[in-house]
Amino acid sequence: MKSFSTETDINAPPEVVWSVLTDGSTFTDWDPGMISLDGTIGPDQPLTIYAEVSPDRAFKVKVSTFEPNKKMVWSSGMPLGLFKGARTFNLSPNGSGGTHFSMNETFSGPLLFLIGSTIPDLKPIFDDFAAALKQRAEAAVTT
């Protein structure tokens, strides 16, 4: 298994953070790693993502878990589970009226030993995402 993660506290309630995370039409406005996101972020919905990490490649994922204001998972993979990826977004109240946000992506499957070496270090990209989400959600509270 190979994984990457980030976390931060956001001075906005989970409902506000969730609204930012599930508005795919605005991702390119605030997410520095996003080139485009096609599709509707909702239960069992397919998404096509183009990201700075690999601008010529479409990442096709499915929203496999959708628990409003709490958790969302974007999943993808090869047939028979030969290679799988899952990006999990978690939100929880932080006790001070804000949100503790965490995100991780885990790659697994029998072909990971071949594909894993082609996956770049996503930690800096994840940290940038969390910082941008924080800025966007906090700005939504003050406007």
# chains A, B, ... in the order shown; residues from 1 in each chain; ligands from 1
call {"tool": "residues_around", "arguments": {"residues": "region 62-64 of chain A", "least_positions_apart": "3", "cutoff": "9 Å", "atoms": "only C-alpha atoms", "output": "list in words"}}
result
Ile41, Gly42, Pro43, Asp44, Gln45, Pro46, Leu47, Thr48, Met72, Val73, Trp74, Ser75 and Ser76 of chain A
call {"tool": "write_last_selection", "arguments": {"atoms": "C-alpha atoms", "output": "PDB file, in the first residue's frame"}}
result
ATOM      1  CA  ILE A  41     -20.007  15.770  -7.006  1.00  0.00           C
ATOM      2  CA  GLY A  42     -22.702  13.602  -5.453  1.00  0.00           C
ATOM      3  CA  PRO A  43     -23.498  10.013  -4.454  1.00  0.00           C
ATOM      4  CA  ASP A  44     -22.337   7.410  -7.006  1.00  0.00           C
ATOM      5  CA  GLN A  45     -21.477  10.103  -9.554  1.00  0.00           C
ATOM      6  CA  PRO A  46     -18.596   9.773 -12.039  1.00  0.00           C
ATOM      7  CA  LEU A  47     -16.038  12.575 -12.236  1.00  0.00           C
ATOM      8  CA  THR A  48     -13.323  13.295 -14.767  1.00  0.00           C
ATOM      9  CA  MET A  72     -16.578  11.648   0.922  1.00  0.00           C
ATOM     10  CA  VAL A  73     -14.517   9.111  -1.018  1.00  0.00           C
ATOM     11  CA  TRP A  74     -13.446   9.292  -4.655  1.00  0.00           C
ATOM     12  CA  SER A  75     -12.500   5.816  -5.930  1.00  0.00           C
ATOM     13  CA  SER A  76     -10.912   4.474  -9.080  1.00  0.00           C
TER      14      SER A  76
END
call {"tool": "closest_residue", "arguments": {"among": "A:Phe66, A:Trp30, A:Phe4, A:Phe89", "to": "Pro120 (chain A)", "atoms": "only C-alpha atoms"}}
result
A:Phe4
call {"tool": "select_by_dssp", "arguments": {"residues": "chain A", "states": "helix (DSSP H, G or I)", "output": "NGL selection string"}}
result
:A and (14-21 or 24-30 or 79-81 or 112-118 or 123-142)
call {"tool": "residues_around", "arguments": {"residues": "Phe107 (chain A)", "least_positions_apart": "3", "cutoff": "7 Å", "atoms": "only C-alpha atoms", "output": "PyMOL selection string"}}
result
chain A and resi 1-3+84-86
call {"tool": "residues_around", "arguments": {"residues": "region 9-18 of chain A", "least_positions_apart": "5", "cutoff": "7 Å", "atoms": "only C-alpha atoms", "output": "ChimeraX atom specification"}}
result
/A:69,91-93,97-101,134,137-138,141
call {"tool": "decode", "arguments": {"residues": "region 7-31 of chain A", "atoms": "N, CA and C atoms", "output": "mmCIF file, in the first residue's frame"}}
result
data_model
loop_
_atom_site.group_PDB
_atom_site.id
_atom_site.type_symbol
_atom_site.label_atom_id
_atom_site.label_comp_id
_atom_site.auth_asym_id
_atom_site.auth_seq_id
_atom_site.Cartn_x
_atom_site.Cartn_y
_atom_site.Cartn_z
ATOM 1 N N GLU A 7 -3.833 17.369 6.712
ATOM 2 C CA GLU A 7 -4.926 17.771 7.597
ATOM 3 C C GLU A 7 -4.712 19.207 8.030
ATOM 4 N N THR A 8 -5.831 19.840 8.405
ATOM 5 C CA THR A 8 -5.783 21.212 8.887
ATOM 6 C C THR A 8 -7.056 21.522 9.644
ATOM 7 N N ASP A 9 -7.004 22.548 10.467
ATOM 8 C CA ASP A 9 -8.208 23.071 11.102
ATOM 9 C C ASP A 9 -8.655 24.289 10.324
ATOM 10 N N ILE A 10 -9.963 24.355 10.089
ATOM 11 C CA ILE A 10 -10.557 25.425 9.291
ATOM 12 C C ILE A 10 -11.547 26.187 10.161
ATOM 13 N N ASN A 11 -11.449 27.492 10.176
ATOM 14 C CA ASN A 11 -12.340 28.332 10.977
ATOM 15 C C ASN A 11 -13.653 28.580 10.247
ATOM 16 N N ALA A 12 -14.331 27.483 9.968
ATOM 17 C CA ALA A 12 -15.646 27.504 9.330
ATOM 18 C C ALA A 12 -16.331 26.190 9.719
ATOM 19 N N PRO A 13 -17.655 26.209 9.880
ATOM 20 C CA PRO A 13 -18.342 24.982 10.258
ATOM 21 C C PRO A 13 -18.298 23.934 9.144
ATOM 22 N N PRO A 14 -18.466 22.653 9.504
ATOM 23 C CA PRO A 14 -18.415 21.590 8.494
ATOM 24 C C PRO A 14 -19.348 21.812 7.301
ATOM 25 N N GLU A 15 -20.509 22.409 7.532
ATOM 26 C CA GLU A 15 -21.460 22.645 6.438
ATOM 27 C C GLU A 15 -20.865 23.568 5.374
ATOM 28 N N VAL A 16 -20.112 24.561 5.812
ATOM 29 C CA VAL A 16 -19.489 25.497 4.869
ATOM 30 C C VAL A 16 -18.353 24.808 4.115
ATOM 31 N N VAL A 17 -17.516 24.066 4.834
ATOM 32 C CA VAL A 17 -16.415 23.344 4.191
ATOM 33 C C VAL A 17 -16.984 22.338 3.190
ATOM 34 N N TRP A 18 -18.030 21.640 3.575
ATOM 35 C CA TRP A 18 -18.667 20.655 2.696
ATOM 36 C C TRP A 18 -19.181 21.318 1.419
ATOM 37 N N SER A 19 -19.787 22.492 1.560
ATOM 38 C CA SER A 19 -20.322 23.171 0.377
ATOM 39 C C SER A 19 -19.212 23.535 -0.605
ATOM 40 N N VAL A 20 -18.040 23.888 -0.083
ATOM 41 C CA VAL A 20 -16.896 24.172 -0.955
ATOM 42 C C VAL A 20 -16.414 22.885 -1.623
ATOM 43 N N LEU A 21 -16.293 21.817 -0.832
ATOM 44 C CA LEU A 21 -15.791 20.535 -1.352
ATOM 45 C C LEU A 21 -16.697 19.899 -2.390
ATOM 46 N N THR A 22 -17.974 20.188 -2.337
ATOM 47 C CA THR A 22 -18.914 19.519 -3.248
ATOM 48 C C THR A 22 -19.390 20.416 -4.390
ATOM 49 N N ASP A 23 -18.824 21.597 -4.507
ATOM 50 C CA ASP A 23 -19.150 22.478 -5.634
ATOM 51 C C ASP A 23 -18.050 22.350 -6.688
ATOM 52 N N GLY A 24 -18.160 21.315 -7.486
ATOM 53 C CA GLY A 24 -17.147 21.039 -8.506
ATOM 54 C C GLY A 24 -16.957 22.160 -9.505
ATOM 55 N N SER A 25 -17.988 22.965 -9.717
ATOM 56 C CA SER A 25 -17.888 24.044 -10.703
ATOM 57 C C SER A 25 -16.913 25.141 -10.283
ATOM 58 N N THR A 26 -16.543 25.187 -8.999
ATOM 59 C CA THR A 26 -15.631 26.237 -8.539
ATOM 60 C C THR A 26 -14.232 25.725 -8.180
ATOM 61 N N PHE A 27 -13.986 24.421 -8.307
ATOM 62 C CA PHE A 27 -12.685 23.883 -7.920
ATOM 63 C C PHE A 27 -11.531 24.617 -8.590
ATOM 64 N N THR A 28 -11.664 24.917 -9.865
ATOM 65 C CA THR A 28 -10.557 25.575 -10.567
ATOM 66 C C THR A 28 -10.337 27.008 -10.083
ATOM 67 N N ASP A 29 -11.315 27.581 -9.379
ATOM 68 C CA ASP A 29 -11.163 28.929 -8.827
ATOM 69 C C ASP A 29 -10.250 28.946 -7.610
ATOM 70 N N TRP A 30 -10.217 27.841 -6.863
ATOM 71 C CA TRP A 30 -9.476 27.865 -5.599
ATOM 72 C C TRP A 30 -8.435 26.766 -5.446
ATOM 73 N N ASP A 31 -8.590 25.634 -6.119
ATOM 74 C CA ASP A 31 -7.643 24.516 -5.967
ATOM 75 C C ASP A 31 -6.478 24.710 -6.939
#
